[in-house]
Every structure is written in structure tokens, then in C-alpha cells.
Amino acid sequence: MADLPREGKLARSPDFIQLIDMASESVGGKILFATDDFFAPAENLLKSDSPHCGDNEYTEFGKWVDGWETRRKRIPGHDWCIVKLGIQGAIRGFDVDISHFTGDYTPRISIQAANLEEDKEPEVPQRGVRTGVAATPEELEAVAELKSSDWDLLVPMTELKPEKPASSHNYFLVNSQQKWTHVRLNIFPDGGIARLRVYGVGHKDWTAADPKEPLDLVAMACGCACVGFSNAHFGHPNKMIGVGPPKSVAEGWETARRPDRPPILKVRSRRPARCNSPASCNLDGCILTTQEEEDMIRQKWDLPGHKWKALLPVTQLSPNRSHVFDSLTLELQDVVTHARLTICPDGGINLHLKGFPSSICLLRPRDKPVMRFSVKAGFRSNL
């Protein structure tokens, strides 16, 4: 039985857009089915980049669009598609983006979701590259086994509001702790949508983890999230714990330049660095209950110093390079629930924290490193 979500349409950019897009093609999201792909295929919904306008670009089926667009409905019913999430987890919100769809966006949508076991998912025919077609009888028969019309309703039928042609986002807040694996997007009755973003937090099955293989404990796919930071001028810290290697500064944490930074930084490297790399970093850990975490968030993380354990001492960083540190400190023999990354004086960085879940830690020999840090400092150019 699904817990009852509280949905709502938001007028401003919500906090949940800093979380990971669990449907993006970049994390393995894919379209299983769409009723129609006449003007543009549903796969465009999951592109990781922002939609753009193709003025004066045409295909044999009409004007080229960067999104999913179905033909005008002249029969009963409405169009819909099914997305298999690349990362399974709790959904915090949706962004239904209709940018550049000025006269042909879909007027209303609703969104449903389900948690399906992998071995119980019916075999749906591969879609391949498609435009100018509708779903075949074979596809309709296969997808009927999912009974997707009965899935839990996360966003009821809602009218979409166009804003600026080049930036027209419709945000929907979802408050549900349940794990979801699939999403059904319904459009009423037809039309176009540029992107569908499914923001949330991954759910990791820790019981299936290999006790001999360390995991990236701060990865968003494992359910990690940033709960406090000092500055996020150029990029939220959640972006540094996303999926895969970063492609640019847009996929990492970067602060503004500190106005009180020293006029001269004394570092060992003599090589000039035209980048946004911090000079150094250090990492601490602590153990907090859920209530203590909530208290710390309200108190802006004014946590007594003795609560923090040094996991990585102050360490110099080099720009445009990945650093891997094995830590042998005694503090790492204990369990930590929260990690604090400090960079000096400012800059951009990504972080991976390899280790073992607490129940697995107890089975590990204590004469070996139980945590490994991977830090990528800086980027090749300023944006």
C-alpha cells in the first residue's frame, strides 16, 4: 500500500531540483513505451541537456522540436508514455518543462508511478529510433500487462502554464517516502513536452552489497544528500555526489570567491593554475541521530568541535586532477553518519567517499583502510 503523497504546483524554483534527476538518460533512464511519436520521440524527454529551439528546422513530419510531441488527437483517449527510472528511489518532485513549445504544448498532464520488481517486468518490444509512428498492436498488448492505468497517482490532472518561451518550467512537489521504479506521464489529450525531470533520492539495497567491495557512501544513488553548506554560488554541493564523472563545473560544487581570502597563497606547486581549484581540503565525520541532524540544520550546523572526528587532515590539492587518499586513522574504525568537507579558501570540487555500510564494517579486518577518498579539484576554465 503506497503512502499518500501530498502534491502541489510550485510558482518558484523549488529546492528539490538540486537533487538527482532519476529519469535522465545520463543515469540509465529510458522510455519503455509511448502511444505516439509522430513529430518527435519520447526519448527526448530524458535528455540531460536543456531543450533548445530549432528555428527554421523541419523534418518530413513537420517542424523539428527538441522534446516529445504527438500528433493531434482525432480519436477518443489521450497520449501517455512510461519511463523506467535509471535510479530507483523516493521521488521528491517533477519538472514538466515545455520550453520552446509555444503553440503546441500539452495543456494538461498527470503523473503516476509504480514500484515493480525487475523479474516481474513484462518484455516490451525495443523501441529503437522512431518518428512519425504510433504504438503497434504488439506494443500495446505487451504494455497492458503493466496495468499502468492503476498505478499510484502522484500528480493529479493539472493544467500546464507556459512562461517564457525559452524557459517554461512547471514544478510539482511530491511528498512520498516510497521507493519508485517506473513513472507514467499522461498528457491530455495530446501535444508536446520538452523535458520530464524526476527529482529524488536513491534507495540502495544494502543487503545485496558485496562485503568485500567498498561503496561510494556519499553517492546520491545510495540515498545520500547534502544537508548543510556555507556557500553554493556556482553549484549546489549535491551536484558533486551525482552519477558518473563530472563533465564541467555544472556538475560539481563551486563556491563564490571569498572576499577575505589571503592576497598571497603559499603552496608547494610552482605551476600557474588558471582554474577554480581549492588550495586544500580536509574531511571530518560524526555520528548523529535523525533528531540531532534536524537540530543541526536549524542551528546552521553549529556543532561542538569535539563531535567531529578527523577523517582526512588538511591536504594540498592540485588543479584539474583526481586525488585518491587512503585513510588509516583510528577514527575510521568507528561508524560515521555525516561527513563534513572543508575547502580552503574557496573553489570547485567533486567528492567520492568509498567505504562500507555499518553492518558490513563490523565484518571487516581492522588492519586495513576502511575508507578511501576520491577528490577532483577544480575545472579547466572559469564559467
# chains A, B, ... in the order shown; residues from 1 in each chain; ligands from 1
>>> select_by_dssp(residues="range 10-224 of chain A", states="strand (DSSP E or B)", output="VMD selection string")
chain A and resid 10 20 to 21 30 to 34 36 40 58 to 59 62 to 63 68 to 69 79 to 97 105 108 to 114 134 152 to 159 164 167 169 to 174 180 to 188 192 to 193 195 to 202 215 to 216
>>> residues_around(residues="range 233-239 of chain A", least_positions_apart="2", cutoff="8 Å", atoms="only C-alpha atoms", output="list in words")
Gln18, Leu19, Ile20, Met220, Ala225, Cys226, Phe229, Asn231, Ile241, Gly242, Val249, Ala250, Glu251, Gly252, Trp253, Glu254, Thr255 and Ala256 of chain A
>>> write_last_selection(atoms="N, CA, C and O atoms", output="tab-separated table (two decimals), in the first residue's frame")
chain	number	residue	atom	x	y	z
A	18	GLN	N	17.73	20.51	-6.89
A	18	GLN	CA	19.14	20.27	-6.60
A	18	GLN	C	19.44	18.79	-6.43
A	18	GLN	O	20.60	18.38	-6.36
A	19	LEU	N	18.39	17.96	-6.34
A	19	LEU	CA	18.58	16.51	-6.22
A	19	LEU	C	18.86	15.92	-7.59
A	19	LEU	O	18.85	16.60	-8.61
A	20	ILE	N	19.06	14.62	-7.63
A	20	ILE	CA	19.40	13.96	-8.89
A	20	ILE	C	18.15	13.71	-9.73
A	20	ILE	O	17.07	13.45	-9.19
A	220	MET	N	24.47	10.04	-4.37
A	220	MET	CA	23.04	10.27	-4.28
A	220	MET	C	22.26	9.02	-4.65
A	220	MET	O	21.14	8.82	-4.17
A	225	ALA	N	22.54	12.84	0.66
A	225	ALA	CA	22.16	14.19	0.26
A	225	ALA	C	22.90	15.19	1.13
A	225	ALA	O	23.25	14.90	2.27
A	226	CYS	N	23.14	16.37	0.58
A	226	CYS	CA	23.78	17.44	1.34
A	226	CYS	C	22.74	18.08	2.25
A	226	CYS	O	21.66	18.46	1.80
A	229	PHE	N	25.58	23.67	4.00
A	229	PHE	CA	26.73	24.18	3.27
A	229	PHE	C	26.89	25.67	3.57
A	229	PHE	O	25.95	26.33	4.02
A	231	ASN	N	28.32	27.95	1.22
A	231	ASN	CA	28.17	28.76	0.01
A	231	ASN	C	27.96	27.84	-1.18
A	231	ASN	O	28.59	26.79	-1.27
A	241	ILE	N	28.01	14.90	-5.75
A	241	ILE	CA	27.82	13.50	-5.36
A	241	ILE	C	26.82	12.82	-6.30
A	241	ILE	O	26.10	11.92	-5.92
A	242	GLY	N	26.78	13.32	-7.54
A	242	GLY	CA	25.88	12.76	-8.54
A	242	GLY	C	26.41	11.47	-9.13
A	242	GLY	O	27.22	10.77	-8.53
A	249	VAL	N	31.93	22.33	-14.79
A	249	VAL	CA	31.67	22.96	-13.49
A	249	VAL	C	30.20	22.84	-13.10
A	249	VAL	O	29.85	22.94	-11.93
A	250	ALA	N	29.32	22.62	-14.07
A	250	ALA	CA	27.90	22.49	-13.78
A	250	ALA	C	27.59	21.21	-13.00
A	250	ALA	O	26.50	21.07	-12.46
A	251	GLU	N	28.53	20.28	-12.95
A	251	GLU	CA	28.31	19.01	-12.27
A	251	GLU	C	29.21	18.86	-11.04
A	251	GLU	O	29.69	17.78	-10.73
A	252	GLY	N	29.43	19.95	-10.37
A	252	GLY	CA	30.23	19.92	-9.15
A	252	GLY	C	29.82	21.04	-8.21
A	252	GLY	O	28.97	21.86	-8.54
A	253	TRP	N	30.42	21.03	-7.03
A	253	TRP	CA	30.18	22.10	-6.07
A	253	TRP	C	31.22	23.19	-6.28
A	253	TRP	O	32.42	22.91	-6.31
A	254	GLU	N	30.76	24.42	-6.44
A	254	GLU	CA	31.70	25.54	-6.57
A	254	GLU	C	31.18	26.74	-5.81
A	254	GLU	O	30.02	27.14	-5.97
A	255	THR	N	32.03	27.32	-5.00
A	255	THR	CA	31.66	28.47	-4.21
A	255	THR	C	32.03	29.76	-4.91
A	255	THR	O	32.79	29.78	-5.88
A	256	ALA	N	31.51	30.86	-4.37
A	256	ALA	CA	31.97	32.18	-4.81
A	256	ALA	C	33.38	32.42	-4.26
A	256	ALA	O	33.83	31.72	-3.34
>>> closest_residue(among="A:Gln291, A:Ser26, A:Thr181, A:Asn170", to="Ile98 in chain A", atoms="only C-alpha atoms")
A:Asn170
>>> residues_around(residues="Ile109 in chain A", least_positions_apart="4", cutoff="12 Å", atoms="only C-alpha atoms", output="ChimeraX atom specification")
/A:9,78-81,94-98,105,153-161,170-172,184-193,196
>>> atom_distance(atom1="CA of Gln299 in chain A", atom2="CA of Phe16 in chain A")
21.1 Å
>>> atom_distance(atom1="CA of Leu317 in chain A", atom2="CA of Val27 in chain A")
28.6 Å
>>> residues_around(residues="Val314 in chain A", least_positions_apart="4", cutoff="7 Å", atoms="only C-alpha atoms", output="list in words")
Ser280, Cys281 and Asn282 of chain A
>>> select_by_dssp(residues="range 183-263 of chain A", states="helix (DSSP H, G or I)", output="count of residues only")
14
>>> closest_residue(among="A:Ala339, A:Ile287, A:Leu140, A:Ala194", to="Val227 in chain A", atoms="only C-alpha atoms")
A:Ala339
>>> atom_distance(atom1="CA of His338 in chain A", atom2="CA of Trp206 in chain A")
17.6 Å
